[in-house]
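First the structure, in the form of structure tokens, and then the observations on it.
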Amino acid sequence: RVMREHLRAERAASSPPLEKPVLPTISSAMDSGNIEVLGIEVSDGQVVADLALQPEPFTKGTDNKCHSQWFFFRASHVCGQRCRFRITNAGRSSYPEAWAGYWAVVSTNPSDPTSWRRVPTTYSTDGCLEVGVVPTTDEIWVSYFAPYP
């Protein structure tokens, strides 16, 4: 029994510690960032993030309404994973009719205005806007349109 415990302790000491997988994160904590993260699920190399548009401050203009249409966020730890960013309240945005045929923009370097690319985006009858992309880098930025530099 003592020998077994000794061997077990020896094996544990020589084995490298198991690395915990780094889970994807989404953040809008940046200039003009705007999104609320409702939940993120990872399964079989796919990331499904449920998100919500936030009311935009300072948009109460002549119509006296706070608008919501703009989104801009960073997704980290997503390289090589099929990402589905689902904006679940897009149907309640200020101009929901604008989502039909719309494609969001994605960048790997948001400070470079030439790096932004349109990506397939779908809008469903239940009011969900879904941006689909398979990033080739660990971080990507997703936006309604390329932010002003």
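If you're wondering about the labels, chains in the structure tokens are A, B, ... by order shown, residues count from 1 in each chain, ligands from 1 in order shown.
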#### Entry: Contacts of Ser115 in chain A within 12 Å, only C-alpha atoms, excl. fewer than 5 positions in-chain, as a VMD selection string
chain A and resid 105 to 110 140 to 142 146 to 147 149
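Near range 81-92 of chain A, within 7 Å and counting only C-alpha atoms, sit Gly45, Gln46, Val47, Val48, Ala49, Asp50, Leu51, Ala52, Leu53, Val78, Pro96, Gly127, Cys128, Leu129, Glu130, Val131, Gly132, Val133, Val134 and Pro135 of chain A; same-chain residues fewer than 3 positions away were not included.
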### Message
Which of chain A end up as alpha helix (DSSP H) when DSSP is run on this backbone - answer as a PyMOL selection string?
### Response
chain A and resi 2-14
Emit the selected residues as a CSV table (one decimal), in the first residue's frame, including N, CA, C and O atoms.
chain,number,residue,atom,x,y,z
A,2,VAL,N,1.9,1.3,0.8
A,2,VAL,CA,2.8,2.4,0.9
A,2,VAL,C,3.4,2.6,-0.5
A,2,VAL,O,3.6,3.8,-1.0
A,3,MET,N,3.8,1.5,-1.1
A,3,MET,CA,4.5,1.6,-2.4
A,3,MET,C,3.5,2.2,-3.5
A,3,MET,O,3.9,3.0,-4.3
A,4,ARG,N,2.3,1.8,-3.5
A,4,ARG,CA,1.3,2.3,-4.4
A,4,ARG,C,1.1,3.8,-4.2
A,4,ARG,O,1.1,4.6,-5.2
A,5,GLU,N,1.0,4.3,-3.0
A,5,GLU,CA,0.9,5.7,-2.7
A,5,GLU,C,2.1,6.5,-3.2
A,5,GLU,O,2.0,7.6,-3.7
A,6,HIS,N,3.3,5.9,-3.0
A,6,HIS,CA,4.6,6.5,-3.4
A,6,HIS,C,4.6,6.6,-4.9
A,6,HIS,O,4.9,7.7,-5.5
A,7,LEU,N,4.2,5.5,-5.7
A,7,LEU,CA,4.2,5.6,-7.1
A,7,LEU,C,3.1,6.6,-7.6
A,7,LEU,O,3.4,7.3,-8.6
A,8,ARG,N,2.0,6.7,-7.0
A,8,ARG,CA,1.0,7.6,-7.4
A,8,ARG,C,1.5,9.1,-7.2
A,8,ARG,O,1.3,9.9,-8.1
A,9,ALA,N,2.1,9.3,-6.1
A,9,ALA,CA,2.7,10.7,-5.8
A,9,ALA,C,3.8,11.0,-6.8
A,9,ALA,O,3.9,12.1,-7.3
A,10,GLU,N,4.6,10.0,-7.1
A,10,GLU,CA,5.7,10.2,-8.1
A,10,GLU,C,5.1,10.6,-9.5
A,10,GLU,O,5.6,11.5,-10.1
A,11,ARG,N,4.1,9.8,-9.9
A,11,ARG,CA,3.5,10.1,-11.2
A,11,ARG,C,2.8,11.5,-11.2
A,11,ARG,O,3.0,12.2,-12.2
A,12,ALA,N,2.2,11.8,-10.2
A,12,ALA,CA,1.5,13.1,-10.1
A,12,ALA,C,2.5,14.3,-10.2
A,12,ALA,O,2.3,15.3,-10.8
A,13,ALA,N,3.7,14.1,-9.5
A,13,ALA,CA,4.7,15.1,-9.5
A,13,ALA,C,5.4,15.2,-10.9
A,13,ALA,O,5.8,16.3,-11.3
A,14,SER,N,5.5,14.1,-11.7
A,14,SER,CA,6.1,14.2,-13.0
A,14,SER,C,5.2,14.6,-14.1
A,14,SER,O,5.6,14.9,-15.2
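CA of Pro120 in chain A is positioned 20.6 Å from CA of Val42 in chain A.
The residue that comes closest to Phe145 in chain A, out of A:Ser32, A:Val37, A:Thr122, A:Gln54 and on the basis of only C-alpha atoms, is A:Ser32.
Residue nearest Val119 in chain A within the list A:Ser68, A:Ser27, A:Ser143, A:Thr137: A:Ser143 [criterion: smallest interatomic distance, only C-alpha atoms].
In this model, the gap between CA of Ala100 in chain A and CA of Glu139 in chain A comes to 27.2 Å.
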### Query
Looking only at the backbone, which of the residues in chain A does DSSP tag as strand (DSSP E or B), as a PyMOL selection string?
chain A and resi 25-27+34+36-43+46-52+72-76+82-87+104-107+117-119+121-123+129-133+139-143
